[in-house]
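To start, the structure itself, in structure tokens.
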Amino acid sequence: MRLPDTVVLITGAGSGIGRATALRSAAEGARVVVVDRDQDAATRTADEVRSAGGLALPIVADVTGEATVAAIFSRAITEMGRIDVLVNNVGVSLGTDILELDLATWERNVSVVLTSAYLCTRATLPGMVARGRGAIVNIPSVNGMTGLGEDAYGAAKAGMINLTQNVAVRYGPRGIRANCIAPGTVRTPVWDTRRGQDPEIFERLTRWYPLGRIGDPDDIARAVVFLASDDAAWVTGVVLPVDGGLMAGRFDMARDLVPDQS
């Protein structure tokens with residue numbers, strides 16, 4: 001097992017990548033704190049962990065408020081003893097073109113994606129520093145690495161990457177590692193509405209991925225477990241694209257540059 005006797009707290013753990021990470025972490029020996037603002041979703045994930053023989057603590061909360069985050073960590077530490085691994089996974093993508101974004105929409109993206117990561121990281125670091133070890137795994141996106149639209153979401157995800165790097169450099173000497181995973185398109189419930197309107201969206205997007213498929217939540221969860229575990233003991237400050245090769249590039253430009261010789 002990669003995470004024996006480890007307590008992992010995951011935000012947005014009620015569905016999608018967060019749920020998969022909770023199940024995978026538990027399978028690797030971790031006790032899991034399942035944080036989600038949706039009570040039914042948090043309970044379902046915790047029940048799944050328990051059904052598989054693991055230990056889970058569901059906490060229903062919105063991680064964008066300072067007092068709420070303080071209460072989450074107080075309860076988690078009281079009931080679980082400590083937090084060894086923090087996974088900042090919660091996110092939201094609202095709006096597209098910057099000229100169409102009102103301030104409230106911009107601030108909602110930043111609050112859910114970046115401010116929540118700041119608050120949860122700030123809440124968990126003191127305990128990690130006191131113990132001289134800990135791992136933080138943040139889940140930004142390929143949108144935080146290049147321009148793919150969703151302007152506010154992409155900017156917030158880019159901020160998460162820089163926050164991670166600063167934590168890695170500042171707290172590495174204290175035994176804390178901080179890393180990022182940048183997923184590409186992943187089959188999560190967030191896509192349900194879009195797929196209802198556009199059932200072929202995944203099929204069209206697949207052609208952008210060198211590995212020829214859209215990601216599954218467990219693709220990301222396996223990478224989280226790696227970065228959280230001692231297998232990555234000398235890895236910190238990295239941004240690991242788990243994206244089917246999307247960020248490696250495409251040959252469209254090369255095809256345009258080379259005349260068709262057929």
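Identifiers in this document derive from the order of the structure tokens: chains are assigned A, B, ..., residues are numbered from 1 separately in each chain, and ligands are numbered from 1 in order of occurrence.
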
List as JSON lines every residue of range 96-201 of chain A that is in contact with range 213-216 of chain A, defined as an atom at most 7 Å from one of its atoms (using only C-alpha atoms), together with the nearest atom pair and the distance in Å rounded to one decimal, sorted by chain and then rising number.
{"residue": "A:Thr185", "atom": "CA", "partner": "A:Ile214", "partner_atom": "CA", "distance": 5.9}
{"residue": "A:Val186", "atom": "CA", "partner": "A:Gly215", "partner_atom": "CA", "distance": 4.3}
{"residue": "A:Arg187", "atom": "CA", "partner": "A:Asp216", "partner_atom": "CA", "distance": 5.4}

Since we have the selection now, will you write its residues out, keeping N, CA and C atoms, as an mmCIF file, in the first residue's frame?
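Once everything was written out, this is part-v9.cif:
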data_model
loop_
_atom_site.group_PDB
_atom_site.id
_atom_site.type_symbol
_atom_site.label_atom_id
_atom_site.label_comp_id
_atom_site.auth_asym_id
_atom_site.auth_seq_id
_atom_site.Cartn_x
_atom_site.Cartn_y
_atom_site.Cartn_z
ATOM 1 N N THR A 185 -9.292 16.959 -20.411
ATOM 2 C CA THR A 185 -10.729 16.674 -20.344
ATOM 3 C C THR A 185 -10.955 15.330 -19.664
ATOM 4 N N VAL A 186 -11.784 15.327 -18.627
ATOM 5 C CA VAL A 186 -12.050 14.118 -17.846
ATOM 6 C C VAL A 186 -13.566 13.908 -17.767
ATOM 7 N N ARG A 187 -13.986 12.673 -17.874
ATOM 8 C CA ARG A 187 -15.416 12.334 -17.803
ATOM 9 C C ARG A 187 -15.911 12.486 -16.365
#

**Message:** When DSSP is applied to the backbone of this structure, which of range 11-168 of chain A are assigned strand (DSSP E or B)? Write them out as a VMD selection string.
**Reply:** chain A and resid 11 30 to 36 56 to 60 85 to 88 134 to 138

Preceding selection exported with N, CA and C atoms as a PDB file, in the first residue's frame:
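And here is the file that came out, part-v8.pdb:
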ATOM      1  N   THR A  11     -10.914  18.108  -0.956  1.00  0.00           N
ATOM      2  CA  THR A  11     -12.048  19.012  -1.189  1.00  0.00           C
ATOM      3  C   THR A  11     -12.729  18.633  -2.506  1.00  0.00           C
ATOM      4  N   ALA A  30      -5.228   4.779   3.208  1.00  0.00           N
ATOM      5  CA  ALA A  30      -5.464   6.059   3.878  1.00  0.00           C
ATOM      6  C   ALA A  30      -6.831   6.105   4.556  1.00  0.00           C
ATOM      7  N   ARG A  31      -6.894   6.894   5.613  1.00  0.00           N
ATOM      8  CA  ARG A  31      -8.172   7.348   6.152  1.00  0.00           C
ATOM      9  C   ARG A  31      -8.506   8.658   5.443  1.00  0.00           C
ATOM     10  N   VAL A  32      -9.756   8.821   5.057  1.00  0.00           N
ATOM     11  CA  VAL A  32     -10.110   9.893   4.134  1.00  0.00           C
ATOM     12  C   VAL A  32     -11.119  10.853   4.761  1.00  0.00           C
ATOM     13  N   VAL A  33     -10.815  12.153   4.647  1.00  0.00           N
ATOM     14  CA  VAL A  33     -11.766  13.199   5.016  1.00  0.00           C
ATOM     15  C   VAL A  33     -12.390  13.701   3.721  1.00  0.00           C
ATOM     16  N   VAL A  34     -13.686  13.455   3.584  1.00  0.00           N
ATOM     17  CA  VAL A  34     -14.430  13.771   2.366  1.00  0.00           C
ATOM     18  C   VAL A  34     -15.140  15.106   2.562  1.00  0.00           C
ATOM     19  N   VAL A  35     -14.645  16.147   1.914  1.00  0.00           N
ATOM     20  CA  VAL A  35     -15.240  17.476   2.063  1.00  0.00           C
ATOM     21  C   VAL A  35     -15.984  17.835   0.784  1.00  0.00           C
ATOM     22  N   ASP A  36     -17.248  18.199   0.937  1.00  0.00           N
ATOM     23  CA  ASP A  36     -18.055  18.619  -0.213  1.00  0.00           C
ATOM     24  C   ASP A  36     -19.216  19.455   0.314  1.00  0.00           C
ATOM     25  N   ALA A  56     -13.770   6.700   6.553  1.00  0.00           N
ATOM     26  CA  ALA A  56     -14.016   8.009   5.946  1.00  0.00           C
ATOM     27  C   ALA A  56     -14.823   8.887   6.882  1.00  0.00           C
ATOM     28  N   LEU A  57     -14.490  10.167   6.866  1.00  0.00           N
ATOM     29  CA  LEU A  57     -15.221  11.179   7.614  1.00  0.00           C
ATOM     30  C   LEU A  57     -15.792  12.189   6.623  1.00  0.00           C
ATOM     31  N   PRO A  58     -17.124  12.205   6.425  1.00  0.00           N
ATOM     32  CA  PRO A  58     -17.699  13.214   5.536  1.00  0.00           C
ATOM     33  C   PRO A  58     -17.913  14.531   6.274  1.00  0.00           C
ATOM     34  N   ILE A  59     -17.533  15.634   5.629  1.00  0.00           N
ATOM     35  CA  ILE A  59     -17.769  16.959   6.188  1.00  0.00           C
ATOM     36  C   ILE A  59     -18.436  17.794   5.104  1.00  0.00           C
ATOM     37  N   VAL A  60     -19.605  18.320   5.430  1.00  0.00           N
ATOM     38  CA  VAL A  60     -20.355  19.132   4.471  1.00  0.00           C
ATOM     39  C   VAL A  60     -20.031  20.596   4.716  1.00  0.00           C
ATOM     40  N   VAL A  85      -2.025  14.574   4.183  1.00  0.00           N
ATOM     41  CA  VAL A  85      -2.087  14.929   2.767  1.00  0.00           C
ATOM     42  C   VAL A  85      -3.313  15.798   2.539  1.00  0.00           C
ATOM     43  N   LEU A  86      -3.112  16.914   1.865  1.00  0.00           N
ATOM     44  CA  LEU A  86      -4.213  17.789   1.464  1.00  0.00           C
ATOM     45  C   LEU A  86      -4.322  17.745  -0.046  1.00  0.00           C
ATOM     46  N   VAL A  87      -5.535  17.505  -0.548  1.00  0.00           N
ATOM     47  CA  VAL A  87      -5.793  17.536  -1.985  1.00  0.00           C
ATOM     48  C   VAL A  87      -6.807  18.641  -2.258  1.00  0.00           C
ATOM     49  N   ASN A  88      -6.324  19.745  -2.828  1.00  0.00           N
ATOM     50  CA  ASN A  88      -7.209  20.862  -3.206  1.00  0.00           C
ATOM     51  C   ASN A  88      -7.752  20.585  -4.596  1.00  0.00           C
ATOM     52  N   GLY A 134       4.677  16.290   5.194  1.00  0.00           N
ATOM     53  CA  GLY A 134       3.329  16.463   4.682  1.00  0.00           C
ATOM     54  C   GLY A 134       3.379  16.632   3.180  1.00  0.00           C
ATOM     55  N   ALA A 135       2.245  16.394   2.541  1.00  0.00           N
ATOM     56  CA  ALA A 135       2.162  16.525   1.090  1.00  0.00           C
ATOM     57  C   ALA A 135       0.883  17.261   0.718  1.00  0.00           C
ATOM     58  N   ILE A 136       1.024  18.208  -0.185  1.00  0.00           N
ATOM     59  CA  ILE A 136      -0.116  18.937  -0.734  1.00  0.00           C
ATOM     60  C   ILE A 136      -0.154  18.658  -2.227  1.00  0.00           C
ATOM     61  N   VAL A 137      -1.304  18.202  -2.705  1.00  0.00           N
ATOM     62  CA  VAL A 137      -1.484  17.960  -4.136  1.00  0.00           C
ATOM     63  C   VAL A 137      -2.642  18.828  -4.609  1.00  0.00           C
ATOM     64  N   ASN A 138      -2.329  19.785  -5.452  1.00  0.00           N
ATOM     65  CA  ASN A 138      -3.350  20.669  -5.996  1.00  0.00           C
ATOM     66  C   ASN A 138      -3.745  20.213  -7.395  1.00  0.00           C
TER      67      ASN A 138
END

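By only C-alpha atoms, and with residues fewer than 3 positions from Ser111 in chain A along its chain excluded, the set lying at most 12 Å from it is Asp62, Val63, Thr64, Gly65, Glu66, Val90, Gly91, Val92, Ser93, Leu94, Leu103, Ala104, Thr105, Trp106, Glu107, Arg108, Leu114, Thr115, Ser116, Ala117, Tyr118, Leu119, Ala152, Tyr153, Ala155, Ala156, Lys157, Gly159 and Met160 of chain A.
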
Resulting file, chosen residues, C-alpha atoms, as a PDB file, in the first residue's frame:
ATOM      1  CA  ASP A  62     -18.201  25.346   1.400  1.00  0.00           C
ATOM      2  CA  VAL A  63     -14.424  25.845   1.401  1.00  0.00           C
ATOM      3  CA  THR A  64     -14.487  29.472   0.250  1.00  0.00           C
ATOM      4  CA  GLY A  65     -14.992  30.966   3.723  1.00  0.00           C
ATOM      5  CA  GLU A  66     -12.241  31.491   6.280  1.00  0.00           C
ATOM      6  CA  VAL A  90     -12.734  21.695  -5.681  1.00  0.00           C
ATOM      7  CA  GLY A  91     -13.384  23.943  -8.662  1.00  0.00           C
ATOM      8  CA  VAL A  92     -15.916  25.689 -10.849  1.00  0.00           C
ATOM      9  CA  SER A  93     -15.781  27.080 -14.370  1.00  0.00           C
ATOM     10  CA  LEU A  94     -18.155  29.943 -15.092  1.00  0.00           C
ATOM     11  CA  LEU A 103     -17.145  40.915 -11.674  1.00  0.00           C
ATOM     12  CA  ALA A 104     -19.293  38.532  -9.641  1.00  0.00           C
ATOM     13  CA  THR A 105     -18.602  35.676 -12.065  1.00  0.00           C
ATOM     14  CA  TRP A 106     -14.872  36.433 -12.071  1.00  0.00           C
ATOM     15  CA  GLU A 107     -14.779  36.506  -8.267  1.00  0.00           C
ATOM     16  CA  ARG A 108     -16.739  33.243  -7.991  1.00  0.00           C
ATOM     17  CA  LEU A 114      -7.823  29.746  -5.807  1.00  0.00           C
ATOM     18  CA  THR A 115      -9.047  31.210  -2.527  1.00  0.00           C
ATOM     19  CA  SER A 116     -10.183  27.780  -1.328  1.00  0.00           C
ATOM     20  CA  ALA A 117      -6.710  26.373  -2.063  1.00  0.00           C
ATOM     21  CA  TYR A 118      -5.112  29.263  -0.167  1.00  0.00           C
ATOM     22  CA  LEU A 119      -7.401  28.834   2.845  1.00  0.00           C
ATOM     23  CA  ALA A 152     -11.498  33.384 -15.298  1.00  0.00           C
ATOM     24  CA  TYR A 153     -11.181  29.670 -14.631  1.00  0.00           C
ATOM     25  CA  ALA A 155      -6.483  32.518 -14.594  1.00  0.00           C
ATOM     26  CA  ALA A 156      -7.496  31.031 -11.244  1.00  0.00           C
ATOM     27  CA  LYS A 157      -5.925  27.688 -12.140  1.00  0.00           C
ATOM     28  CA  GLY A 159      -2.703  31.156  -9.802  1.00  0.00           C
ATOM     29  CA  MET A 160      -3.035  27.777  -8.122  1.00  0.00           C
TER      30      MET A 160
END

**Asked** Taking the backbone alone, and naming residues the way the document does, which bits of range 16-126 of chain A are helix (DSSP H, G or I) by DSSP, as a PyMOL selection string?
**Response** chain A and resi 16-27+39-51+66-80+98-100+103-126

**Request:** For range 47-53 of chain A, list every protein, DNA or RNA residue within 12 Å, evaluated using only C-alpha atoms, and leave out those in the same chain fewer than 3 positions away; present the list as a PyMOL selection string.
**Result:** chain A and resi 13-15+19-34+40-44+56-58

**Prompt:** So which residues touch Asp192 in chain A within 12 Å, counting only C-alpha atoms, skipping near sequence neighbours fewer than 5 positions away, as a list in words?
**Reply:** Gly16, Val186, Arg187, Gln197, Asp198, Pro199, Ile201 and Phe202 of chain A

**Item:** Best match for closeness to Leu240 in chain A among A:Met145, A:Leu211, A:Ile176, A:Leu163, counting only C-alpha atoms
**Value:** A:Met145

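The shortest atom-to-atom distance to Asp218 in chain A, with only C-alpha atoms taken into account, belongs to A:Ile17 out of A:Val169, A:Ala67, A:Cys120, A:Ile17.
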
**Prompt:** To one decimal place, how far is CA of Gly144 in chain A from CA of Ala182 in chain A in Å?
**Reply:** 7.9 Å
